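This is upload_37.tsv (TSV, N, CA and C atoms).
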```
chain	number	residue	atom	x	y	z
A	1	MET	N	-15.46	2.10	13.22
A	1	MET	CA	-14.59	1.42	12.28
A	1	MET	C	-14.43	-0.02	12.71
A	2	ASN	N	-14.55	-0.91	11.77
A	2	ASN	CA	-14.38	-2.34	12.02
A	2	ASN	C	-12.90	-2.69	11.77
A	3	LEU	N	-12.13	-2.77	12.85
A	3	LEU	CA	-10.68	-2.98	12.72
A	3	LEU	C	-10.34	-4.32	12.08
A	4	LYS	N	-11.09	-5.35	12.43
A	4	LYS	CA	-10.81	-6.68	11.86
A	4	LYS	C	-11.01	-6.65	10.33
A	5	ARG	N	-12.11	-6.05	9.91
A	5	ARG	CA	-12.37	-5.93	8.46
A	5	ARG	C	-11.33	-5.05	7.79
A	6	ALA	N	-10.97	-3.95	8.44
A	6	ALA	CA	-9.95	-3.05	7.88
A	6	ALA	C	-8.61	-3.78	7.74
A	7	ALA	N	-8.26	-4.58	8.75
A	7	ALA	CA	-6.99	-5.32	8.70
A	7	ALA	C	-7.00	-6.33	7.55
A	8	TRP	N	-8.10	-7.05	7.38
A	8	TRP	CA	-8.17	-8.02	6.28
A	8	TRP	C	-8.14	-7.32	4.93
A	9	MET	N	-8.80	-6.19	4.84
A	9	MET	CA	-8.74	-5.42	3.60
A	9	MET	C	-7.30	-4.97	3.33
A	10	GLY	N	-6.60	-4.59	4.40
A	10	GLY	CA	-5.20	-4.19	4.27
A	10	GLY	C	-4.32	-5.32	3.77
A	11	VAL	N	-4.58	-6.53	4.28
A	11	VAL	CA	-3.81	-7.71	3.82
A	11	VAL	C	-4.10	-7.97	2.35
A	12	LEU	N	-5.36	-7.94	1.97
A	12	LEU	CA	-5.72	-8.18	0.57
A	12	LEU	C	-5.15	-7.09	-0.34
A	13	LEU	N	-5.20	-5.85	0.12
A	13	LEU	CA	-4.62	-4.75	-0.65
A	13	LEU	C	-3.12	-4.95	-0.83
A	14	TYR	N	-2.44	-5.36	0.23
A	14	TYR	CA	-1.00	-5.59	0.15
A	14	TYR	C	-0.70	-6.69	-0.87
A	15	ILE	N	-1.43	-7.79	-0.78
A	15	ILE	CA	-1.18	-8.92	-1.69
A	15	ILE	C	-1.41	-8.50	-3.14
A	16	ALA	N	-2.52	-7.81	-3.40
A	16	ALA	CA	-2.82	-7.37	-4.77
A	16	ALA	C	-1.74	-6.40	-5.27
A	17	SER	N	-1.34	-5.47	-4.43
A	17	SER	CA	-0.30	-4.51	-4.81
A	17	SER	C	1.03	-5.21	-5.07
A	18	PHE	N	1.35	-6.18	-4.21
A	18	PHE	CA	2.60	-6.92	-4.35
A	18	PHE	C	2.63	-7.68	-5.67
A	19	VAL	N	1.54	-8.38	-5.98
A	19	VAL	CA	1.48	-9.17	-7.22
A	19	VAL	C	1.61	-8.26	-8.44
A	20	LEU	N	0.84	-7.18	-8.47
A	20	LEU	CA	0.92	-6.26	-9.62
A	20	LEU	C	2.28	-5.57	-9.69
A	21	GLY	N	2.85	-5.24	-8.54
A	21	GLY	CA	4.19	-4.63	-8.51
A	21	GLY	C	5.25	-5.58	-9.05
A	22	MET	N	5.15	-6.86	-8.66
A	22	MET	CA	6.11	-7.85	-9.16
A	22	MET	C	5.96	-8.04	-10.67
A	23	MET	N	4.72	-8.03	-11.14
A	23	MET	CA	4.50	-8.15	-12.59
A	23	MET	C	5.12	-6.97	-13.32
A	24	THR	N	5.02	-5.79	-12.74
A	24	THR	CA	5.63	-4.60	-13.34
A	24	THR	C	7.15	-4.76	-13.38
A	25	LEU	N	7.73	-5.25	-12.29
A	25	LEU	CA	9.19	-5.42	-12.25
A	25	LEU	C	9.66	-6.49	-13.23
A	26	MET	N	8.84	-7.52	-13.47
A	26	MET	CA	9.24	-8.59	-14.37
A	26	MET	C	9.34	-8.12	-15.82
A	27	ILE	N	8.57	-7.09	-16.19
A	27	ILE	CA	8.63	-6.61	-17.57
A	27	ILE	C	9.58	-5.42	-17.71
A	28	THR	N	10.29	-5.12	-16.62
A	28	THR	CA	11.23	-4.00	-16.62
A	28	THR	C	12.65	-4.57	-16.69
A	29	PRO	N	13.53	-3.93	-17.47
A	29	PRO	CA	14.92	-4.40	-17.50
A	29	PRO	C	15.53	-4.43	-16.09
A	30	SER	N	16.31	-5.45	-15.85
A	30	SER	CA	16.88	-5.67	-14.52
A	30	SER	C	17.93	-4.60	-14.17
A	31	SER	N	17.84	-4.12	-12.93
A	31	SER	CA	18.84	-3.20	-12.40
A	31	SER	C	18.70	-3.18	-10.88
A	32	ASP	N	19.71	-2.66	-10.21
A	32	ASP	CA	19.66	-2.58	-8.75
A	32	ASP	C	18.61	-1.58	-8.27
A	33	VAL	N	18.47	-0.50	-9.00
A	33	VAL	CA	17.51	0.54	-8.64
A	33	VAL	C	16.43	0.59	-9.71
A	34	PRO	N	15.16	0.44	-9.31
A	34	PRO	CA	14.10	0.49	-10.32
A	34	PRO	C	14.06	1.87	-11.00
A	35	PRO	N	13.86	1.89	-12.31
A	35	PRO	CA	13.77	3.17	-13.01
A	35	PRO	C	12.51	3.92	-12.56
A	36	PRO	N	12.50	5.24	-12.75
A	36	PRO	CA	11.37	6.05	-12.27
A	36	PRO	C	10.00	5.59	-12.78
A	37	HIS	N	9.94	5.09	-14.01
A	37	HIS	CA	8.63	4.70	-14.53
A	37	HIS	C	8.01	3.56	-13.74
A	38	VAL	N	8.83	2.74	-13.10
A	38	VAL	CA	8.29	1.66	-12.26
A	38	VAL	C	7.56	2.27	-11.06
A	39	TRP	N	8.15	3.33	-10.50
A	39	TRP	CA	7.48	4.02	-9.39
A	39	TRP	C	6.17	4.64	-9.86
A	40	TYR	N	6.15	5.23	-11.04
A	40	TYR	CA	4.94	5.88	-11.54
A	40	TYR	C	3.82	4.86	-11.78
A	41	VAL	N	4.18	3.70	-12.30
A	41	VAL	CA	3.21	2.62	-12.44
A	41	VAL	C	2.72	2.19	-11.06
A	42	GLY	N	3.64	2.12	-10.11
A	42	GLY	CA	3.28	1.79	-8.73
A	42	GLY	C	2.31	2.80	-8.12
A	43	PHE	N	2.52	4.08	-8.43
A	43	PHE	CA	1.60	5.12	-7.95
A	43	PHE	C	0.19	4.86	-8.49
A	44	ALA	N	0.10	4.56	-9.78
A	44	ALA	CA	-1.20	4.30	-10.40
A	44	ALA	C	-1.85	3.05	-9.78
A	45	ILE	N	-1.05	2.01	-9.59
A	45	ILE	CA	-1.56	0.78	-8.96
A	45	ILE	C	-2.07	1.09	-7.56
A	46	THR	N	-1.32	1.88	-6.81
A	46	THR	CA	-1.71	2.25	-5.45
A	46	THR	C	-3.05	2.98	-5.44
A	47	ILE	N	-3.20	3.96	-6.31
A	47	ILE	CA	-4.44	4.74	-6.35
A	47	ILE	C	-5.63	3.86	-6.74
A	48	ILE	N	-5.46	3.07	-7.78
A	48	ILE	CA	-6.56	2.24	-8.28
A	48	ILE	C	-6.96	1.18	-7.26
A	49	LEU	N	-5.98	0.44	-6.74
A	49	LEU	CA	-6.30	-0.62	-5.80
A	49	LEU	C	-6.82	-0.07	-4.47
A	50	THR	N	-6.22	1.00	-3.98
A	50	THR	CA	-6.69	1.59	-2.72
A	50	THR	C	-8.12	2.10	-2.89
A	51	GLY	N	-8.40	2.72	-4.02
A	51	GLY	CA	-9.77	3.17	-4.28
A	51	GLY	C	-10.75	2.01	-4.32
A	52	ALA	N	-10.36	0.93	-4.97
A	52	ALA	CA	-11.24	-0.24	-5.08
A	52	ALA	C	-11.47	-0.90	-3.72
A	53	PHE	N	-10.40	-1.11	-2.96
A	53	PHE	CA	-10.55	-1.77	-1.66
A	53	PHE	C	-11.26	-0.87	-0.65
A	54	THR	N	-11.06	0.43	-0.75
A	54	THR	CA	-11.78	1.36	0.13
A	54	THR	C	-13.27	1.35	-0.20
A	55	SER	N	-13.61	1.35	-1.47
A	55	SER	CA	-15.02	1.27	-1.87
A	55	SER	C	-15.64	-0.04	-1.38
A	56	TRP	N	-14.91	-1.11	-1.49
A	56	TRP	CA	-15.38	-2.42	-1.03
A	56	TRP	C	-15.61	-2.38	0.49
A	57	TYR	N	-14.67	-1.81	1.21
A	57	TYR	CA	-14.79	-1.69	2.66
A	57	TYR	C	-16.05	-0.91	3.03
A	58	PHE	N	-16.30	0.17	2.35
A	58	PHE	CA	-17.43	1.05	2.68
A	58	PHE	C	-18.78	0.51	2.20
A	59	GLN	N	-18.81	-0.65	1.59
A	59	GLN	CA	-20.09	-1.28	1.29
A	59	GLN	C	-20.79	-1.73	2.57
A	60	GLN	N	-19.98	-2.01	3.62
A	60	GLN	CA	-20.55	-2.49	4.87
A	60	GLN	C	-20.28	-1.56	6.05
A	61	GLU	N	-19.58	-0.49	5.82
A	61	GLU	CA	-19.26	0.47	6.89
A	61	GLU	C	-19.72	1.86	6.47
A	62	LYS	N	-19.88	2.73	7.44
A	62	LYS	CA	-20.33	4.10	7.16
A	62	LYS	C	-19.16	4.92	6.60
A	63	PRO	N	-19.29	5.39	5.36
A	63	PRO	CA	-18.21	6.18	4.77
A	63	PRO	C	-18.21	7.62	5.29
A	64	SER	N	-17.01	8.13	5.51
A	64	SER	CA	-16.82	9.53	5.88
A	64	SER	C	-15.35	9.86	5.67
A	65	LEU	N	-15.05	11.14	5.70
A	65	LEU	CA	-13.66	11.56	5.56
A	65	LEU	C	-12.82	10.96	6.69
A	66	LYS	N	-13.33	11.04	7.91
A	66	LYS	CA	-12.59	10.52	9.07
A	66	LYS	C	-12.39	9.00	8.97
A	67	ASN	N	-13.45	8.28	8.61
A	67	ASN	CA	-13.32	6.82	8.49
A	67	ASN	C	-12.39	6.44	7.33
A	68	GLY	N	-12.40	7.22	6.26
A	68	GLY	CA	-11.47	6.98	5.16
A	68	GLY	C	-10.03	7.19	5.59
A	69	LEU	N	-9.80	8.24	6.39
A	69	LEU	CA	-8.46	8.49	6.92
A	69	LEU	C	-8.01	7.35	7.82
A	70	TYR	N	-8.90	6.93	8.72
A	70	TYR	CA	-8.56	5.82	9.63
A	70	TYR	C	-8.29	4.53	8.85
A	71	LEU	N	-9.08	4.29	7.81
A	71	LEU	CA	-8.86	3.10	6.98
A	71	LEU	C	-7.50	3.18	6.29
A	72	GLY	N	-7.16	4.35	5.75
A	72	GLY	CA	-5.85	4.52	5.11
A	72	GLY	C	-4.71	4.30	6.09
A	73	LEU	N	-4.88	4.78	7.32
A	73	LEU	CA	-3.85	4.56	8.34
A	73	LEU	C	-3.78	3.07	8.71
A	74	ALA	N	-4.93	2.40	8.73
A	74	ALA	CA	-4.94	0.95	8.99
A	74	ALA	C	-4.22	0.22	7.86
A	75	PHE	N	-4.47	0.63	6.62
A	75	PHE	CA	-3.75	0.03	5.49
A	75	PHE	C	-2.24	0.21	5.66
A	76	PHE	N	-1.82	1.40	6.09
A	76	PHE	CA	-0.40	1.68	6.29
A	76	PHE	C	0.19	0.79	7.38
A	77	VAL	N	-0.52	0.65	8.50
A	77	VAL	CA	-0.02	-0.17	9.60
A	77	VAL	C	0.10	-1.63	9.16
A	78	VAL	N	-0.93	-2.15	8.51
A	78	VAL	CA	-0.91	-3.54	8.05
A	78	VAL	C	0.24	-3.76	7.07
A	79	SER	N	0.39	-2.87	6.10
A	79	SER	CA	1.46	-3.04	5.11
A	79	SER	C	2.84	-2.91	5.76
A	80	SER	N	2.96	-2.05	6.76
A	80	SER	CA	4.24	-1.91	7.48
A	80	SER	C	4.60	-3.19	8.23
A	81	ILE	N	3.60	-3.81	8.85
A	81	ILE	CA	3.84	-5.06	9.57
A	81	ILE	C	4.27	-6.16	8.59
A	82	ILE	N	3.56	-6.28	7.48
A	82	ILE	CA	3.92	-7.29	6.48
A	82	ILE	C	5.31	-7.03	5.92
A	83	GLU	N	5.60	-5.77	5.57
A	83	GLU	CA	6.94	-5.42	5.06
A	83	GLU	C	8.01	-5.75	6.10
A	84	GLY	N	7.74	-5.43	7.36
A	84	GLY	CA	8.69	-5.73	8.42
A	84	GLY	C	8.98	-7.21	8.52
A	85	LEU	N	7.94	-8.03	8.44
A	85	LEU	CA	8.13	-9.49	8.49
A	85	LEU	C	8.93	-9.99	7.30
A	86	ILE	N	8.64	-9.45	6.13
A	86	ILE	CA	9.39	-9.85	4.93
A	86	ILE	C	10.86	-9.46	5.06
A	87	ILE	N	11.11	-8.26	5.55
A	87	ILE	CA	12.50	-7.79	5.71
A	87	ILE	C	13.23	-8.65	6.74
A	88	ILE	N	12.57	-9.00	7.84
A	88	ILE	CA	13.20	-9.85	8.85
A	88	ILE	C	13.55	-11.22	8.25
A	89	ILE	N	12.63	-11.79	7.47
A	89	ILE	CA	12.89	-13.09	6.83
A	89	ILE	C	14.08	-12.98	5.88
A	90	ILE	N	14.14	-11.90	5.10
A	90	ILE	CA	15.26	-11.72	4.17
A	90	ILE	C	16.58	-11.61	4.95
A	91	ILE	N	16.57	-10.85	6.04
A	91	ILE	CA	17.78	-10.69	6.84
A	91	ILE	C	18.22	-12.02	7.44
A	92	LEU	N	17.27	-12.81	7.95
A	92	LEU	CA	17.61	-14.07	8.62
A	92	LEU	C	18.02	-15.18	7.66
A	93	PHE	N	17.40	-15.25	6.50
A	93	PHE	CA	17.59	-16.40	5.63
A	93	PHE	C	18.25	-16.11	4.30
A	94	SER	N	18.86	-14.95	4.18
A	94	SER	CA	19.48	-14.59	2.91
A	94	SER	C	20.80	-13.89	3.17
A	95	ASP	N	21.68	-14.02	2.21
A	95	ASP	CA	22.94	-13.29	2.29
A	95	ASP	C	22.83	-11.93	1.60
A	96	ALA	N	21.65	-11.63	1.08
A	96	ALA	CA	21.45	-10.37	0.38
A	96	ALA	C	21.56	-9.22	1.38
A	97	PRO	N	22.32	-8.20	1.01
A	97	PRO	CA	22.43	-7.04	1.90
A	97	PRO	C	21.10	-6.27	1.93
A	98	VAL	N	20.66	-5.93	3.13
A	98	VAL	CA	19.42	-5.18	3.30
A	98	VAL	C	19.74	-3.93	4.11
A	99	SER	N	19.48	-2.78	3.52
A	99	SER	CA	19.70	-1.53	4.21
A	99	SER	C	18.35	-0.90	4.53
A	100	LEU	N	17.96	-0.99	5.79
A	100	LEU	CA	16.69	-0.40	6.19
A	100	LEU	C	16.70	1.11	6.02
A	101	THR	N	17.84	1.72	6.26
A	101	THR	CA	17.96	3.16	6.10
A	101	THR	C	17.70	3.56	4.65
A	102	GLU	N	18.31	2.82	3.72
A	102	GLU	CA	18.10	3.11	2.30
A	102	GLU	C	16.64	2.90	1.91
A	103	TYR	N	16.07	1.82	2.40
A	103	TYR	CA	14.70	1.48	2.04
A	103	TYR	C	13.73	2.55	2.53
A	104	TYR	N	13.82	2.92	3.80
A	104	TYR	CA	12.87	3.86	4.38
A	104	TYR	C	13.20	5.33	4.10
A	105	SER	N	14.38	5.60	3.54
A	105	SER	CA	14.69	6.98	3.19
A	105	SER	C	14.31	7.31	1.74
A	106	GLU	N	13.77	6.34	1.03
A	106	GLU	CA	13.35	6.55	-0.35
A	106	GLU	C	12.09	7.42	-0.37
A	107	LEU	N	12.22	8.63	-0.90
A	107	LEU	CA	11.10	9.58	-0.94
A	107	LEU	C	9.89	9.01	-1.67
A	108	LEU	N	10.13	8.27	-2.74
A	108	LEU	CA	9.01	7.75	-3.52
A	108	LEU	C	8.20	6.70	-2.76
A	109	LEU	N	8.82	6.03	-1.80
A	109	LEU	CA	8.09	5.12	-0.92
A	109	LEU	C	7.05	5.91	-0.11
A	110	TRP	N	7.47	7.05	0.42
A	110	TRP	CA	6.57	7.87	1.23
A	110	TRP	C	5.51	8.56	0.39
A	111	VAL	N	5.83	8.83	-0.88
A	111	VAL	CA	4.80	9.34	-1.80
A	111	VAL	C	3.73	8.27	-1.98
A	112	THR	N	4.15	7.02	-2.12
A	112	THR	CA	3.21	5.91	-2.27
A	112	THR	C	2.31	5.80	-1.03
A	113	VAL	N	2.91	5.92	0.15
A	113	VAL	CA	2.14	5.86	1.40
A	113	VAL	C	1.12	7.01	1.44
A	114	ALA	N	1.57	8.20	1.09
A	114	ALA	CA	0.67	9.36	1.09
A	114	ALA	C	-0.48	9.16	0.10
A	115	LEU	N	-0.19	8.58	-1.06
A	115	LEU	CA	-1.24	8.31	-2.05
A	115	LEU	C	-2.25	7.29	-1.51
A	116	MET	N	-1.76	6.29	-0.80
A	116	MET	CA	-2.64	5.27	-0.24
A	116	MET	C	-3.58	5.89	0.80
A	117	VAL	N	-3.01	6.64	1.75
A	117	VAL	CA	-3.82	7.26	2.80
A	117	VAL	C	-4.73	8.34	2.20
A	118	GLY	N	-4.19	9.13	1.28
A	118	GLY	CA	-4.99	10.18	0.64
A	118	GLY	C	-6.14	9.63	-0.18
A	119	THR	N	-5.89	8.54	-0.90
A	119	THR	CA	-6.94	7.94	-1.72
A	119	THR	C	-8.06	7.40	-0.84
A	120	SER	N	-7.72	6.68	0.23
A	120	SER	CA	-8.77	6.13	1.09
A	120	SER	C	-9.55	7.25	1.77
A	121	THR	N	-8.87	8.32	2.14
A	121	THR	CA	-9.55	9.47	2.76
A	121	THR	C	-10.51	10.12	1.76
A	122	ALA	N	-10.04	10.33	0.53
A	122	ALA	CA	-10.88	10.95	-0.50
A	122	ALA	C	-12.08	10.08	-0.84
A	123	VAL	N	-11.88	8.78	-0.94
A	123	VAL	CA	-13.00	7.88	-1.24
A	123	VAL	C	-14.01	7.89	-0.10
A	124	GLY	N	-13.53	7.86	1.14
A	124	GLY	CA	-14.44	7.93	2.28
A	124	GLY	C	-15.25	9.22	2.28
A	125	TRP	N	-14.59	10.33	1.99
A	125	TRP	CA	-15.28	11.62	1.92
A	125	TRP	C	-16.31	11.63	0.79
A	126	TRP	N	-15.88	11.17	-0.39
A	126	TRP	CA	-16.75	11.20	-1.56
A	126	TRP	C	-17.97	10.30	-1.37
A	127	LYS	N	-17.75	9.08	-0.88
A	127	LYS	CA	-18.88	8.16	-0.67
A	127	LYS	C	-19.77	8.65	0.48
A	128	GLY	N	-19.19	9.34	1.44
A	128	GLY	CA	-19.96	9.82	2.59
A	128	GLY	C	-20.88	10.98	2.27
A	129	LYS	N	-20.55	11.74	1.24
A	129	LYS	CA	-21.40	12.90	0.92
A	129	LYS	C	-22.54	12.53	-0.03
A	130	LYS	N	-22.59	11.31	-0.49
A	130	LYS	CA	-23.66	10.86	-1.39
A	130	LYS	C	-24.94	10.62	-0.62
```
Once you've parsed the file, please lay out its structure as structure tokens.
Amino acid sequence: MNLKRAAWMGVLLYIASFVLGMMTLMITPSSDVPPPHVWYVGFAITIILTGAFTSWYFQQEKPSLKNGLYLGLAFFVVSSIIEGLIIIIIILFSDAPVSLTEYYSELLLWVTVALMVGTSTAVGWWKGKK
């Protein structure tokens, strides 16, 4: 596994997901808690983008179930680091209340993570058996 390439793919995946997620939120009525359909759109975005970036990654790397799993875990680590930096910046430079417990206890967040890792694993397996 090429960790440097996986990390860059993770950064690009995060940016693409963030932009599409923000676009989804902009067309949704404002509220403190996003309505369920925003999460469902996010699930679709996660599957589509993770599949695309995983396929792109495997153009230059050997695809397999194991490598797909490792890539999905790399995506998770990269996105966690970026999220952590964003949360730290919000805490330091904003008066907005940030509850890490609330954020990380959201079940739908973990469903999104599972979809990301599962999609990359499935794509690695599928491309590897060809």
Residues within 8 Å of segment 18-24 of chain A, only N, CA and C atoms, excluding chain neighbours under 5 positions, as a ChimeraX atom specification: /A:12-13,29,38,41-42,45
Selection near segment 72-79 of chain A, 7 Å with only N, CA and C atoms, sequence-local residues under 5 positions removed, as a PyMOL selection string: chain A and resi 6-7+9-11+14+67+84+113+116-121
12 Å contact set for Ile88 of chain A, only C-alpha atoms, chain neighbours under 5 positions out, as a list in words: Ile81, Ile82, Glu83, Phe93, Ser94, Ala96, Pro97, Val98, Ser99 and Leu100 of chain A
Length of the atom N of Ala122 of chain A to atom CA of Lys4 of chain A vector [Å]: 20.5 Å
Just want the 12 Å neighbourhood of Leu109 of chain A, counted on only C-alpha atoms, with same-chain residues fewer than 3 positions away dropped. Output as an mmCIF file with N, CA and C atoms, keeping the file's coordinate frame.
```cif
data_model
loop_
_atom_site.group_PDB
_atom_site.id
_atom_site.type_symbol
_atom_site.label_atom_id
_atom_site.label_comp_id
_atom_site.auth_asym_id
_atom_site.auth_seq_id
_atom_site.Cartn_x
_atom_site.Cartn_y
_atom_site.Cartn_z
ATOM 1 N N PRO A 36 12.500 5.240 -12.750
ATOM 2 C CA PRO A 36 11.370 6.050 -12.270
ATOM 3 C C PRO A 36 10.000 5.590 -12.780
ATOM 4 N N VAL A 38 8.830 2.740 -13.100
ATOM 5 C CA VAL A 38 8.290 1.660 -12.260
ATOM 6 C C VAL A 38 7.560 2.270 -11.060
ATOM 7 N N TRP A 39 8.150 3.330 -10.500
ATOM 8 C CA TRP A 39 7.480 4.020 -9.390
ATOM 9 C C TRP A 39 6.170 4.640 -9.860
ATOM 10 N N TYR A 40 6.150 5.230 -11.040
ATOM 11 C CA TYR A 40 4.940 5.880 -11.540
ATOM 12 C C TYR A 40 3.820 4.860 -11.780
ATOM 13 N N GLY A 42 3.640 2.120 -10.110
ATOM 14 C CA GLY A 42 3.280 1.790 -8.730
ATOM 15 C C GLY A 42 2.310 2.800 -8.120
ATOM 16 N N PHE A 43 2.520 4.080 -8.430
ATOM 17 C CA PHE A 43 1.600 5.120 -7.950
ATOM 18 C C PHE A 43 0.190 4.860 -8.490
ATOM 19 N N THR A 46 -1.320 1.880 -6.810
ATOM 20 C CA THR A 46 -1.710 2.250 -5.450
ATOM 21 C C THR A 46 -3.050 2.980 -5.440
ATOM 22 N N PHE A 76 -1.820 1.400 6.090
ATOM 23 C CA PHE A 76 -0.400 1.680 6.290
ATOM 24 C C PHE A 76 0.190 0.790 7.380
ATOM 25 N N SER A 80 2.960 -2.050 6.760
ATOM 26 C CA SER A 80 4.240 -1.910 7.480
ATOM 27 C C SER A 80 4.600 -3.190 8.230
ATOM 28 N N GLU A 102 18.310 2.820 3.720
ATOM 29 C CA GLU A 102 18.100 3.110 2.300
ATOM 30 C C GLU A 102 16.640 2.900 1.910
ATOM 31 N N TYR A 103 16.070 1.820 2.400
ATOM 32 C CA TYR A 103 14.700 1.480 2.040
ATOM 33 C C TYR A 103 13.730 2.550 2.530
ATOM 34 N N TYR A 104 13.820 2.920 3.800
ATOM 35 C CA TYR A 104 12.870 3.860 4.380
ATOM 36 C C TYR A 104 13.200 5.330 4.100
ATOM 37 N N SER A 105 14.380 5.600 3.540
ATOM 38 C CA SER A 105 14.690 6.980 3.190
ATOM 39 C C SER A 105 14.310 7.310 1.740
ATOM 40 N N GLU A 106 13.770 6.340 1.030
ATOM 41 C CA GLU A 106 13.350 6.550 -0.350
ATOM 42 C C GLU A 106 12.090 7.420 -0.370
ATOM 43 N N THR A 112 4.150 7.020 -2.120
ATOM 44 C CA THR A 112 3.210 5.910 -2.270
ATOM 45 C C THR A 112 2.310 5.800 -1.030
ATOM 46 N N VAL A 113 2.910 5.920 0.150
ATOM 47 C CA VAL A 113 2.140 5.860 1.400
ATOM 48 C C VAL A 113 1.120 7.010 1.440
ATOM 49 N N ALA A 114 1.570 8.200 1.090
ATOM 50 C CA ALA A 114 0.670 9.360 1.090
ATOM 51 C C ALA A 114 -0.480 9.160 0.100
ATOM 52 N N LEU A 115 -0.190 8.580 -1.060
ATOM 53 C CA LEU A 115 -1.240 8.310 -2.050
ATOM 54 C C LEU A 115 -2.250 7.290 -1.510
ATOM 55 N N MET A 116 -1.760 6.290 -0.800
ATOM 56 C CA MET A 116 -2.640 5.270 -0.240
ATOM 57 C C MET A 116 -3.580 5.890 0.800
#
```
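Taking atom CA of Phe58 of chain A as the reference point, atom CA of Leu108 of chain A is found at 28.0 Å.
Taking atom CA of Ala16 of chain A as the reference point, atom CA of Trp56 of chain A is found at 14.0 Å.
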Backbone-only DSSP, helix (DSSP H, G or I) members of segment 27-85 of chain A, as a ChimeraX atom specification: /A:36-57,65-85
Nearest-residue call for Leu3 of chain A, choices A:Leu71, A:Leu25, A:Ala44, A:Leu85, using only C-alpha atoms: A:Leu71
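Around Gly124 of chain A, within 6 Å and counting only C-alpha atoms, the residues found are A:Pro63, A:Ser64, A:Leu65, A:Gly68, A:Thr121, A:Ala122, A:Trp126, A:Lys127, A:Gly128, once anything fewer than 2 positions away on its own chain is removed.
Remark: for Gly51 of chain A, the closest of the candidate residues A:Lys129, A:Ile91, A:Val123, A:Pro35 is A:Val123 (distances computed over only C-alpha atoms).
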